[in-house]
Structures are given as C-alpha cells and as structure tokens.
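Source file start.csv; content: CSV, C-alpha atoms and all ligand atoms.
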chain,number,residue,atom,x,y,z
A,755,MET,CA,20.2,6.8,-0.5
A,756,ILE,CA,16.8,5.3,-0.9
A,757,LEU,CA,14.1,7.5,-2.5
A,758,LEU,CA,10.6,6.9,-1.2
A,759,THR,CA,8.0,8.4,-3.6
A,760,GLY,CA,4.7,9.0,-1.8
A,761,GLY,CA,6.8,9.1,1.3
A,762,LEU,CA,4.3,10.9,3.5
A,763,GLY,CA,1.4,8.6,2.6
A,764,TYR,CA,0.1,5.7,4.7
A,765,LEU,CA,2.6,3.1,3.6
A,766,GLY,CA,5.5,5.4,2.6
A,767,SER,CA,5.6,7.0,6.1
A,768,HIS,CA,5.9,3.5,7.8
A,769,MET,CA,8.6,2.6,5.3
A,770,ALA,CA,10.5,5.8,6.1
A,771,ALA,CA,10.4,5.0,9.8
A,772,ARG,CA,11.6,1.5,9.3
A,773,LEU,CA,14.4,2.3,6.9
A,774,VAL,CA,15.8,5.0,9.2
A,775,GLU,CA,15.5,2.5,12.1
A,776,GLU,CA,17.5,0.0,10.0
A,777,GLY,CA,20.2,2.6,9.4
A,778,HIS,CA,19.5,3.5,5.8
A,779,ASP,CA,19.6,7.1,4.4
A,780,VAL,CA,16.2,8.1,2.9
A,781,VAL,CA,14.8,11.0,1.1
A,782,LEU,CA,11.0,11.4,0.8
A,783,LEU,CA,9.1,12.9,-2.1
A,784,ASP,CA,5.4,13.7,-2.1
A,785,ASN,CA,3.1,16.2,-3.8
A,786,LEU,CA,0.8,16.1,-0.7
A,787,SER,CA,-2.2,15.3,-2.9
A,788,ASN,CA,-3.3,12.6,-0.4
A,789,SER,CA,-1.2,13.4,2.7
A,790,ASN,CA,-0.3,16.1,5.1
A,791,ILE,CA,2.9,17.8,6.1
A,792,SER,CA,2.2,17.0,9.7
A,793,VAL,CA,3.2,13.4,8.9
A,794,LEU,CA,6.8,14.7,8.4
A,795,HIS,CA,6.8,16.3,11.9
A,796,ARG,CA,5.4,13.1,13.4
A,797,LEU,CA,8.1,11.0,11.6
A,798,LYS,CA,10.8,13.3,13.1
A,799,GLN,CA,9.3,12.7,16.5
A,800,LEU,CA,9.3,9.0,15.9
A,801,VAL,CA,12.8,8.5,14.6
A,802,GLY,CA,14.5,11.4,16.5
A,803,ARG,CA,15.9,13.2,13.5
A,804,GLU,CA,15.0,15.2,10.4
A,805,ILE,CA,14.3,13.2,7.3
A,806,PRO,CA,14.9,15.0,4.0
A,807,PHE,CA,11.7,15.8,2.2
A,808,VAL,CA,10.9,17.3,-1.2
A,809,GLN,CA,7.4,18.5,-2.1
A,810,MET,CA,7.0,17.7,-5.7
A,811,ASP,CA,5.1,15.7,-8.3
A,812,VAL,CA,6.8,12.5,-9.5
A,813,ARG,CA,5.8,13.5,-13.0
A,814,ALA,CA,7.9,16.7,-13.0
A,815,LYS,CA,10.8,14.9,-14.7
A,816,LYS,CA,13.3,17.8,-14.8
A,817,GLN,CA,13.0,18.5,-11.1
A,818,LEU,CA,13.0,14.7,-10.4
A,819,GLN,CA,16.3,14.4,-12.2
A,820,GLN,CA,17.8,17.1,-10.0
A,821,ILE,CA,16.6,15.3,-6.8
A,822,PHE,CA,18.3,12.1,-8.0
A,823,GLU,CA,21.5,14.0,-8.5
A,824,LYS,CA,21.4,16.1,-5.4
A,825,PHE,CA,20.7,13.2,-3.1
A,826,SER,CA,22.7,10.5,-4.9
A,827,VAL,CA,19.7,8.2,-5.1
A,828,THR,CA,20.7,4.5,-5.4
A,829,SER,CA,17.3,2.8,-5.2
A,830,VAL,CA,13.6,3.7,-5.1
A,831,VAL,CA,10.4,2.5,-3.5
A,832,HIS,CA,7.6,3.8,-5.6
A,833,PHE,CA,4.5,4.3,-3.4
A,834,ALA,CA,3.3,7.5,-5.1
A,835,GLY,CA,0.0,6.9,-6.9
A,836,SER,CA,-3.8,7.3,-6.7
A,837,LYS,CA,-5.4,4.4,-4.8
A,838,SER,CA,-9.2,4.8,-4.6
A,839,VAL,CA,-10.9,2.1,-6.6
A,840,ASN,CA,-14.2,4.1,-6.6
A,841,GLU,CA,-12.6,7.4,-7.7
A,842,SER,CA,-10.8,5.6,-10.5
A,843,ILE,CA,-14.2,4.7,-12.0
A,844,SER,CA,-15.3,8.3,-12.2
A,845,GLN,CA,-11.9,9.8,-13.0
A,846,PRO,CA,-10.1,7.2,-15.2
A,847,LEU,CA,-7.9,9.8,-17.0
A,848,ASP,CA,-6.5,11.1,-13.7
A,849,TYR,CA,-5.8,7.6,-12.5
A,850,TYR,CA,-4.0,6.5,-15.7
A,851,ASP,CA,-2.1,9.8,-15.8
A,852,ASN,CA,-0.9,9.6,-12.2
A,853,ASN,CA,-0.2,5.9,-11.9
A,854,VAL,CA,1.1,5.1,-15.4
A,855,ASN,CA,2.8,8.4,-16.3
A,856,GLY,CA,4.1,8.8,-12.8
A,857,LEU,CA,5.9,5.5,-13.2
A,858,ILE,CA,7.2,6.2,-16.7
A,859,SER,CA,8.6,9.6,-15.6
A,860,LEU,CA,10.3,7.9,-12.6
A,861,LEU,CA,11.8,5.1,-14.7
A,862,GLN,CA,13.1,7.5,-17.3
A,863,VAL,CA,14.9,9.5,-14.7
A,864,MET,CA,16.2,6.3,-13.1
A,865,LYS,CA,17.5,5.2,-16.4
A,866,SER,CA,19.3,8.4,-17.2
A,867,THR,CA,20.9,8.5,-13.7
A,868,ASN,CA,21.8,4.8,-13.9
A,869,VAL,CA,19.6,3.9,-10.8
A,870,LYS,CA,18.1,0.5,-11.6
A,871,THR,CA,16.7,-0.9,-8.4
A,872,ILE,CA,13.0,-0.4,-7.7
A,873,VAL,CA,10.3,-1.8,-5.5
A,874,PHE,CA,6.9,-1.1,-6.9
A,875,SER,CA,3.5,-0.9,-5.1
A,876,SER,CA,1.0,-3.1,-6.9
A,877,THR,CA,-2.2,-4.5,-5.7
A,878,ALA,CA,-4.4,-7.6,-5.5
A,879,ALA,CA,-6.8,-5.6,-7.7
A,880,VAL,CA,-4.8,-6.7,-10.7
A,881,TYR,CA,-6.4,-10.2,-10.3
A,882,GLY,CA,-10.1,-9.1,-10.4
A,883,GLU,CA,-12.6,-11.8,-9.4
A,884,PRO,CA,-10.5,-14.9,-8.4
A,885,GLU,CA,-11.0,-18.2,-10.2
A,886,SER,CA,-9.7,-20.1,-7.2
A,887,LEU,CA,-8.3,-19.5,-3.7
A,888,PRO,CA,-5.8,-18.8,-2.4
A,889,ILE,CA,-4.6,-16.5,-5.3
A,890,ALA,CA,-1.0,-17.2,-6.5
A,891,GLU,CA,1.0,-14.7,-8.5
A,892,ASP,CA,0.4,-16.7,-11.7
A,893,ALA,CA,-3.4,-16.6,-11.4
A,894,LYS,CA,-5.4,-15.1,-14.2
A,895,GLN,CA,-5.5,-11.3,-14.2
A,896,ALA,CA,-8.7,-9.6,-15.0
A,897,PRO,CA,-8.8,-6.3,-13.2
A,898,ILE,CA,-12.3,-4.8,-13.1
A,899,THR,CA,-11.5,-1.1,-12.4
A,900,PRO,CA,-9.3,1.6,-14.0
A,901,TYR,CA,-7.3,1.5,-10.7
A,902,GLY,CA,-6.5,-2.2,-11.1
A,903,ARG,CA,-5.9,-1.8,-14.8
A,904,SER,CA,-3.5,1.2,-14.2
A,905,LYS,CA,-1.5,-1.0,-11.8
A,906,GLN,CA,-1.5,-3.9,-14.3
A,907,MET,CA,-0.2,-1.5,-17.0
A,908,CYS,CA,2.6,-0.5,-14.6
A,909,GLU,CA,3.5,-4.1,-14.1
A,910,PHE,CA,3.7,-4.7,-17.9
A,911,ILE,CA,6.0,-1.6,-18.2
A,912,LEU,CA,8.3,-2.9,-15.6
A,913,GLN,CA,8.4,-6.4,-17.0
A,914,ASP,CA,9.1,-5.1,-20.5
A,915,LEU,CA,11.9,-2.9,-19.2
A,916,SER,CA,13.5,-5.8,-17.4
A,917,ARG,CA,13.3,-7.9,-20.6
A,918,ALA,CA,14.9,-5.1,-22.7
A,919,GLU,CA,17.6,-4.1,-20.2
A,920,ARG,CA,18.8,-7.0,-18.1
A,921,ASN,CA,20.6,-5.0,-15.4
A,922,TRP,CA,17.4,-3.8,-13.7
A,923,ARG,CA,16.5,-5.1,-10.3
A,924,ILE,CA,12.7,-4.9,-9.9
A,925,ALA,CA,10.3,-6.2,-7.2
A,926,VAL,CA,6.6,-5.8,-7.8
A,927,LEU,CA,4.7,-6.3,-4.6
A,928,ARG,CA,1.0,-7.0,-4.8
A,929,TYR,CA,-0.6,-5.9,-1.6
A,930,PHE,CA,-3.8,-7.4,-0.3
A,931,ASN,CA,-5.5,-5.3,2.4
A,932,PRO,CA,-3.0,-3.2,4.4
A,933,ALA,CA,-4.5,-2.3,7.8
A,934,GLY,CA,-3.4,-1.1,11.3
A,935,ALA,CA,-0.9,1.5,12.2
A,936,HIS,CA,2.6,2.0,13.7
A,937,GLU,CA,2.7,0.8,17.3
A,938,SER,CA,3.7,4.3,18.5
A,939,GLY,CA,0.3,5.7,17.5
A,940,LEU,CA,2.2,8.5,15.7
A,941,ILE,CA,1.6,7.4,12.1
A,942,GLY,CA,-1.2,5.6,10.4
A,943,GLU,CA,-3.7,6.0,7.6
A,944,ILE,CA,-5.2,9.5,7.8
A,945,PRO,CA,-8.8,9.4,6.6
A,946,HIS,CA,-9.9,11.7,3.8
A,947,GLY,CA,-13.7,11.9,3.3
A,948,ILE,CA,-15.6,8.6,3.1
A,949,PRO,CA,-13.1,5.8,3.4
A,950,ASN,CA,-13.0,3.1,0.7
A,951,ASN,CA,-11.5,0.5,3.0
A,952,LEU,CA,-13.2,-1.3,5.8
A,953,MET,CA,-10.8,-0.5,8.7
A,954,PRO,CA,-10.7,3.3,8.4
A,955,TYR,CA,-14.5,3.2,8.0
A,956,ILE,CA,-14.9,1.2,11.2
A,957,ALA,CA,-12.5,3.5,13.0
A,958,GLN,CA,-14.7,6.5,12.0
A,959,VAL,CA,-17.7,4.7,13.4
A,960,ALA,CA,-15.7,4.1,16.6
A,961,ARG,CA,-15.0,7.9,16.7
A,962,ALA,CA,-18.8,8.5,16.2
A,963,GLU,CA,-18.0,10.3,13.0
A,964,ARG,CA,-20.3,7.9,11.2
A,965,PRO,CA,-23.5,6.4,12.8
A,966,TYR,CA,-22.9,2.8,11.8
A,967,LEU,CA,-20.9,0.4,9.5
A,968,GLN,CA,-22.7,-0.6,6.4
A,969,VAL,CA,-22.1,-4.3,5.9
A,970,PHE,CA,-22.6,-5.0,2.2
A,971,GLY,CA,-24.3,-8.4,2.1
A,972,ASN,CA,-24.4,-11.2,4.7
A,973,ASP,CA,-25.4,-14.0,2.4
A,974,TYR,CA,-22.0,-14.9,0.8
A,975,ALA,CA,-20.7,-18.4,1.1
A,976,THR,CA,-18.2,-17.4,3.8
A,977,ILE,CA,-17.8,-18.2,7.5
A,978,ASP,CA,-20.5,-15.8,8.6
A,979,GLY,CA,-22.0,-14.6,5.3
A,980,THR,CA,-20.0,-11.4,5.1
A,981,GLY,CA,-17.2,-10.7,2.6
A,982,VAL,CA,-13.7,-12.1,3.3
A,983,ARG,CA,-10.5,-10.3,2.6
A,984,ASP,CA,-6.8,-10.8,3.4
A,985,TYR,CA,-5.9,-8.0,5.9
A,986,ILE,CA,-2.3,-7.5,6.6
A,987,HIS,CA,-0.8,-5.3,9.3
A,988,VAL,CA,1.1,-2.4,7.8
A,989,GLN,CA,4.2,-3.2,9.8
A,990,ASP,CA,4.3,-6.7,8.4
A,991,LEU,CA,3.8,-5.3,4.9
A,992,ILE,CA,6.7,-3.0,5.5
A,993,SER,CA,8.9,-5.9,6.6
A,994,GLY,CA,8.2,-7.5,3.3
A,995,HIS,CA,9.5,-4.3,1.5
A,996,SER,CA,12.6,-4.2,3.7
A,997,GLN,CA,13.4,-7.8,3.0
A,998,ALA,CA,12.7,-7.2,-0.8
A,999,ILE,CA,15.2,-4.4,-0.8
A,1000,THR,CA,17.8,-6.6,0.9
A,1001,TRP,CA,17.1,-9.4,-1.5
A,1002,LEU,CA,17.4,-7.1,-4.6
A,1003,SER,CA,20.7,-5.7,-3.4
A,1004,GLU,CA,22.1,-9.2,-3.5
A,1005,GLN,CA,21.0,-9.8,-7.2
A,1006,THR,CA,22.7,-8.6,-10.4
A,1007,GLU,CA,19.4,-8.7,-12.3
A,1008,ALA,CA,15.8,-9.4,-11.1
A,1009,PHE,CA,12.2,-9.2,-11.9
A,1010,GLU,CA,10.0,-10.7,-9.2
A,1011,ILE,CA,6.3,-10.4,-8.5
A,1012,LEU,CA,5.3,-11.2,-4.9
A,1013,ASN,CA,2.0,-11.3,-3.1
A,1014,LEU,CA,2.1,-9.6,0.3
A,1015,GLY,CA,-0.8,-10.8,2.5
A,1016,ARG,CA,-1.4,-13.0,5.5
A,1017,GLY,CA,-2.6,-15.8,3.3
A,1018,GLU,CA,-5.8,-16.0,5.4
A,1019,GLY,CA,-9.2,-14.6,5.0
A,1020,ILE,CA,-10.9,-12.4,7.6
A,1021,SER,CA,-14.6,-11.5,7.3
A,1022,VAL,CA,-16.2,-8.1,7.8
A,1023,MET,CA,-17.8,-9.3,11.0
A,1024,GLN,CA,-14.6,-10.8,12.4
A,1025,MET,CA,-12.9,-7.4,11.7
A,1026,LEU,CA,-15.7,-5.5,13.3
A,1027,ASN,CA,-15.5,-7.8,16.4
A,1028,ALA,CA,-11.8,-7.3,16.7
A,1029,PHE,CA,-12.3,-3.5,16.5
A,1030,SER,CA,-15.1,-3.6,19.0
A,1031,LYS,CA,-12.8,-5.4,21.4
A,1032,ALA,CA,-10.1,-2.8,20.9
A,1033,VAL,CA,-12.5,0.0,21.5
A,1034,GLY,CA,-14.1,-1.7,24.5
A,1035,HIS,CA,-17.7,-1.7,23.3
A,1036,ASP,CA,-19.9,-3.1,20.4
A,1037,LEU,CA,-19.9,-0.9,17.3
A,1038,PRO,CA,-23.1,-0.4,15.4
A,1039,TYR,CA,-23.7,-1.9,12.0
A,1040,GLN,CA,-26.4,-2.4,9.4
A,1041,VAL,CA,-26.6,-5.1,6.8
A,1042,VAL,CA,-27.3,-3.6,3.3
A,1043,PRO,CA,-27.5,-5.2,-0.1
A,1044,ARG,CA,-24.3,-6.6,-1.7
A,1045,ARG,CA,-22.2,-4.1,-3.8
A,1046,GLN,CA,-21.9,-4.9,-7.5
A,1047,GLY,CA,-18.5,-6.3,-8.3
A,1048,ASP,CA,-17.6,-7.4,-4.8
A,1049,SER,CA,-16.1,-11.0,-4.5
A,1050,ALA,CA,-17.1,-13.2,-1.6
A,1051,SER,CA,-13.6,-14.1,-0.7
A,1052,VAL,CA,-10.1,-12.8,-1.7
A,1053,TYR,CA,-6.9,-14.0,-0.1
A,1054,ALA,CA,-3.4,-14.6,-1.1
A,1055,ASP,CA,-1.1,-17.5,-1.6
A,1056,VAL,CA,2.0,-16.2,0.1
A,1057,THR,CA,4.4,-19.1,-0.4
A,1058,HIS,CA,6.5,-17.3,-3.0
A,1059,ALA,CA,7.4,-14.4,-0.7
A,1060,LYS,CA,8.0,-16.9,2.1
A,1061,ARG,CA,10.4,-18.9,0.0
A,1062,LEU,CA,12.2,-16.1,-1.8
A,1063,LEU,CA,12.5,-13.6,1.1
A,1064,GLY,CA,12.0,-15.8,4.2
A,1065,TRP,CA,9.2,-13.3,5.0
A,1066,GLU,CA,5.8,-13.8,6.5
A,1067,ALA,CA,3.2,-11.7,8.3
A,1068,VAL,CA,3.2,-12.3,12.1
A,1069,ARG,CA,0.7,-9.8,13.4
A,1070,THR,CA,-2.9,-10.7,14.1
A,1071,VAL,CA,-6.2,-9.0,13.4
A,1072,ASP,CA,-6.4,-7.9,17.0
A,1073,ASP,CA,-3.0,-6.2,16.6
A,1074,MET,CA,-4.3,-4.4,13.5
A,1075,ALA,CA,-7.4,-3.2,15.4
A,1076,ILE,CA,-5.5,-2.2,18.6
A,1077,ASP,CA,-2.8,-0.3,16.7
A,1078,MET,CA,-5.2,1.5,14.4
A,1079,TRP,CA,-7.5,2.5,17.3
A,1080,ARG,CA,-4.4,3.9,19.2
A,1081,PHE,CA,-3.5,6.0,16.1
A,1082,TYR,CA,-7.1,7.3,15.6
A,1083,GLN,CA,-7.4,8.3,19.3
A,1084,GLY,CA,-4.2,10.5,18.9
A,1085,LEU,CA,-5.3,12.0,15.6
A,1086,ASN,CA,-6.5,15.3,17.0
A,1087,ALA,CA,-3.1,16.1,18.4
A,1088,ASP,CA,-1.9,18.1,15.4
B,1,LIG,N1,-3.3,1.2,1.1
B,1,LIG,C1,-3.8,0.2,0.4
B,1,LIG,O1,-4.9,-0.3,0.7
B,1,LIG,C2,-3.1,-0.2,-0.9
B,1,LIG,C3,-3.4,-1.5,-1.4
B,1,LIG,C4,-2.8,-1.9,-2.6
B,1,LIG,C5,-1.9,-1.1,-3.2
B,1,LIG,N2,-1.6,0.2,-2.7
B,1,LIG,C6,-0.7,1.1,-3.4
B,1,LIG,O2,0.4,1.4,-2.5
B,1,LIG,C7,0.8,2.7,-2.8
B,1,LIG,C8,0.8,3.5,-1.5
B,1,LIG,O3,-0.5,3.5,-0.9
B,1,LIG,P1,-0.9,4.3,0.4
B,1,LIG,O4,-2.0,3.5,1.1
B,1,LIG,O5,0.3,4.7,1.1
B,1,LIG,O6,-1.5,5.5,-0.3
B,1,LIG,P2,-1.5,7.1,0.2
B,1,LIG,O7,-2.4,7.8,-0.7
B,1,LIG,O8,-1.6,7.2,1.6
B,1,LIG,O9,0.0,7.5,-0.2
B,1,LIG,C9,0.4,7.8,-1.6
B,1,LIG,C10,1.2,9.1,-1.4
B,1,LIG,O10,1.6,9.5,-2.7
B,1,LIG,C11,1.4,10.9,-2.9
B,1,LIG,N3,1.2,11.1,-4.4
B,1,LIG,C12,0.2,10.7,-5.2
B,1,LIG,N4,0.5,11.0,-6.4
B,1,LIG,C13,1.7,11.6,-6.4
B,1,LIG,C14,2.5,12.2,-7.4
B,1,LIG,N5,2.1,12.2,-8.7
B,1,LIG,N6,3.7,12.7,-7.1
B,1,LIG,C15,4.1,12.7,-5.8
B,1,LIG,N7,3.4,12.2,-4.8
B,1,LIG,C16,2.2,11.7,-5.1
B,1,LIG,C17,0.2,11.2,-2.1
B,1,LIG,O11,0.1,12.5,-1.7
B,1,LIG,C18,0.3,10.2,-0.9
B,1,LIG,O12,1.0,10.9,0.2
B,1,LIG,C19,-0.1,3.3,-3.8
B,1,LIG,O13,0.5,3.3,-5.1
B,1,LIG,C20,-1.3,2.4,-3.8
B,1,LIG,O14,-2.0,2.3,-5.0
B,1,LIG,C21,-2.2,0.6,-1.5
Please, can you express the file's structure as structure tokens?
Amino acid sequence: MILLTGGLGYLGSHMAARLVEEGHDVVLLDNLSNSNISVLHRLKQLVGREIPFVQMDVRAKKQLQQIFEKFSVTSVVHFAGSKSVNESISQPLDYYDNNVNGLISLLQVMKSTNVKTIVFSSTAAVYGEPESLPIAEDAKQAPITPYGRSKQMCEFILQDLSRAERNWRIAVLRYFNPAGAHESGLIGEIPHGIPNNLMPYIAQVARAERPYLQVFGNDYATIDGTGVRDYIHVQDLISGHSQAITWLSEQTEAFEILNLGRGEGISVMQMLNAFSKAVGHDLPYQVVPRRQGDSASVYADVTHAKRLLGWEAVRTVDDMAIDMWRFYQGLNAD
C-alpha cells in the first residue's frame, strides 16, 4: 500500500490516478489546507472506484502511526507541504513548521513502523540563482526564500538519515515548473487567490478573472527578453515518480537526488502564445518592471534521471496549455 501525503493536491491527485491505473493500492492523506474534497469525487470518477482517504495533518504523529498500521503502508510519496514562495517570505515559521516538521513526523512514524521507502517532493528553488545552465543536481545550492530553504533542510534530513541507517530507500525529486493538467480535464491545479505561477495566472486571464497578464520584464538576455523557465507537464512529472518508485523497489538501499524538468527553457511570451492558441484568441498582457530576485533563465540538466530511470518528459508546451485550458473550462462543474 502506497501512502500519498498531500494526496488531494495538484500533484498528489495526478499521482493517485496514475498509481491506481498501474494497479497499485493507494491511500491518500490530506489536511485540505490547500485542496478540496471535490478532488476525491473527481478522482473516483476518473479511476472508476473509491480511493481510501484520510483527512488529517501529517504532523499528527499518533494518528499517522495508526494510519500506517491500519493500511499496512509499505512506501510513501510525500507531497504534503506549503509551496508558495511569496507566502513563505511573510510566514517563515509556518513554512518551516509544515515542511520540516511535517517531514520529521512522517519519517519518525516510518521508522517506527519499519517503512523505509520514500519519494520526496523537492524543488528547483533549492538552487537559487543559477551559476550556469543547465542546472545539474550537483550545482551550488543557495536558496533565496524560506520555502527553498525549508526544502533544502528536508533534503539534508533525508541525506543524514540515509547515512545513519543504510536500509532506507530515498528518492529526492527536484521539480522545475509543473504545469498542465490530466488529459481527462477532471483534475488539475485548482487556483486559490492570486496564483504564484505563470500558467494558472494565464488561465485566470483566459477566464476573464484577471484583466491581463503582468509580464515582469522584457529586457532579459533571453530569446524574447522575457524570463525563461523549465515547464514540465504534470503527467510527465508523475511518470518520473512512478519510475522512481519502481527503481527504488529494486534497490536494497538508495539515496538519489534527481531533477525533473524538460531540460529546456520556455519564455513567458512563448507560454502566453501557447495558451492563446489553446484558447483560440490572443490574451492581453502588460510589461511591468522586473521583480527583485527573479533569474533570467532557469532550466534543468535532466541527464541523471534519464540515465538512472530511463525517464524523460515527452509532452510539449502546447500539450500543457491545451490540457490546462480543458481543466479550467470544466472547473465550474462542482
Ligand atoms: N507545484 C509546483 O509548482 C511545485 C514545484 C516544486 C515543488 N513542489 C512541491 O511538491 C509538493 C506538492 O505540490 P502541489 O503543487 O501538489 O501542491 P498542493 O498545495 O496542490 O498540494 C499539497 C497538498 O498537501 C496538503 N497539505 C499541506 N500541508 C499538509 C499537512 N501538514 N498535512 C496534510 N496535508 C497537507 C494540502 O492541503 C495540499 O492538498 C509540495 O511539497 C511542493 O512544495 C511543487
């Protein structure tokens, strides 16, 4: 039985659908702090059966232990955490508490129930401003926000644990910019308030919930002057997880850090154009000054994941835009 913490979130819900499709038993855990119970109903519609779900906080250790025992958990994908870079700057204590204490609570319960296989959601934010491109896993780490630092701390904890106790099997996956949605249009990233990420923001402009996209700077040394990031379709990202789980199950001990991206930069304007194409008309935008702390370009070196897992992203920017737009169009159905 695979436990997915944060199982009703954007990535967790896609992982749940995939694992069920692949024939795995899964149990989902989520405190609904950044998700909605309607996702569970949509998942049921998608996979054609109930998926066990527990509403709880991963930091509630006693209750967590009971869940491990009740469901005979054998491995974990730990998605639960707080992910807003901006919010982490104004609420650092909440971010360290949820991300770092959440992981410690989980690992303590795993240890006491002898479950030692975990895939951990990390982020390209652990690198900070890149010194060179593409960014490989051994690049210098200098995270610039509490969010990035909280994830870096989690990585240190996992690494120290694997050094102290050799029988853990740990994969740390550093995501670049997940985007898009499930092809069914049933699950995707549900927007809460002002989105931090480009794709949900563009989608809100497309739904006329916001008047225009603010493009932060068009004078960077990039293809068209706008910022470049490594967007990866959520379904490709999930394939990376699925292959990491299979790989871990074949090891007796492991600690691996893997970048998950397309290995290719896409500019804000390129993404806006892809979305405009998906929607069928041009979307309004305005160029505003650069934001402090934004890098011109960030994209991954993905050769390690390719070599180790035989994995690579296959979906295009157009796929991300089309799938995301399909999901957003169906959002009012609940
Ligand atoms: N989506 C991205 O752009 C991105 C990029 C890099 C890394 N990540 C990491 O991937 C993970 C999943 O991201 P996501 O996009 O699915 O985020 P999300 O917010 O959609 O999902 C996280 C889920 O975890 C739940 N949760 C949060 N704290 C919890 C707690 N203490 N106990 C139980 N449930 C809790 C939330 O309710 C939410 O459903 C996060 O750890 C995030 O930091 C995401």
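If you look at CA of Asn931 in chain A and CA of Gly1015 in chain A, they are 7.2 Å away from each other.
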Gap from CA of Ile924 in chain A to CA of Ala1008 in chain A - Å, one decimal: 5.6 Å
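Between Asp848 in chain A and the residues A:Val1056, A:Pro900, A:Val1022, A:Arg1044, the shortest atom-to-atom distance, using all atoms listed in the file, involves A:Pro900.
The gap separating CA of Ile843 in chain A from CA of Leu927 in chain A is 23.1 Å, in Å to one decimal.
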Find the spatial neighbours of range 800-817 of chain A, counting all atoms listed in the file, within a cut-off of 8 Å - ignore same-chain residues fewer than 4 positions away - and output them as a PDB file with C-alpha atoms, in the coordinates of the input.
ATOM      1  CA  THR A 759       8.000   8.400  -3.600  1.00  0.00           C
ATOM      2  CA  ALA A 771      10.400   5.000   9.800  1.00  0.00           C
ATOM      3  CA  VAL A 774      15.800   5.000   9.200  1.00  0.00           C
ATOM      4  CA  GLU A 775      15.500   2.500  12.100  1.00  0.00           C
ATOM      5  CA  VAL A 780      16.200   8.100   2.900  1.00  0.00           C
ATOM      6  CA  VAL A 781      14.800  11.000   1.100  1.00  0.00           C
ATOM      7  CA  LEU A 782      11.000  11.400   0.800  1.00  0.00           C
ATOM      8  CA  LEU A 783       9.100  12.900  -2.100  1.00  0.00           C
ATOM      9  CA  ASP A 784       5.400  13.700  -2.100  1.00  0.00           C
ATOM     10  CA  ASN A 785       3.100  16.200  -3.800  1.00  0.00           C
ATOM     11  CA  LEU A 786       0.800  16.100  -0.700  1.00  0.00           C
ATOM     12  CA  LEU A 794       6.800  14.700   8.400  1.00  0.00           C
ATOM     13  CA  ARG A 796       5.400  13.100  13.400  1.00  0.00           C
ATOM     14  CA  ILE A 821      16.600  15.300  -6.800  1.00  0.00           C
ATOM     15  CA  ALA A 834       3.300   7.500  -5.100  1.00  0.00           C
ATOM     16  CA  ASN A 852      -0.900   9.600 -12.200  1.00  0.00           C
ATOM     17  CA  ASN A 855       2.800   8.400 -16.300  1.00  0.00           C
ATOM     18  CA  GLY A 856       4.100   8.800 -12.800  1.00  0.00           C
ATOM     19  CA  LEU A 857       5.900   5.500 -13.200  1.00  0.00           C
ATOM     20  CA  SER A 859       8.600   9.600 -15.600  1.00  0.00           C
ATOM     21  CA  LEU A 860      10.300   7.900 -12.600  1.00  0.00           C
ATOM     22  CA  VAL A 863      14.900   9.500 -14.700  1.00  0.00           C
ATOM     23  CA  SER A 938       3.700   4.300  18.500  1.00  0.00           C
ATOM     24  CA  LEU A 940       2.200   8.500  15.700  1.00  0.00           C
TER      25      LEU A 940
END
Exercise answer, 8 Å around ligand LIG 1 (chain B) with only C-alpha atoms and all ligand atoms, as JSON, numbers by chain: {"A": [759, 760, 761, 762, 763, 764, 765, 766, 767, 783, 784, 785, 786, 787, 788, 789, 790, 809, 810, 811, 812, 813, 832, 833, 834, 835, 836, 837, 838, 852, 853, 856, 874, 875, 876, 877, 878, 879, 901, 905, 928, 929, 930, 931, 932, 933, 943, 944, 951]}
Surrounding residues of Gln1046 in chain A excluding itself and chain neighbours under 5 positions, 12 Å, only C-alpha atoms, as a list of chain:residue names: A:Asn840, A:Glu883, A:Ile898, A:Phe970, A:Gly971
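Ranking A:Leu1062, A:Ala1054, A:Ala1067, A:Ala962 by their shortest atom-to-atom distance to Tyr1082 in chain A, with all atoms listed in the file included, puts A:Ala962 first.
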Within 12 Å of file point (-18.5, -12.7, -1.1), counting all atoms listed in the file, expressed as a count of residues only: 32
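Using all atoms listed in the file, the nearest neighbour of His778 in chain A within the list A:Met864, A:Ala893, A:Ile999, A:Leu887 is A:Ile999.
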Within-12 Å shell of (4.8, -5.6, 6.3) in input frame, only C-alpha atoms, as number ranges by chain: A: 765-766, 768-769, 772, 927-936, 985-998, 1013-1016, 1059, 1065-1069, 1074
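Among the candidates A:Leu1002, A:Val869, A:Ala890, A:Ala960, the one nearest to Gln819 in chain A when counting only C-alpha atoms is A:Val869.
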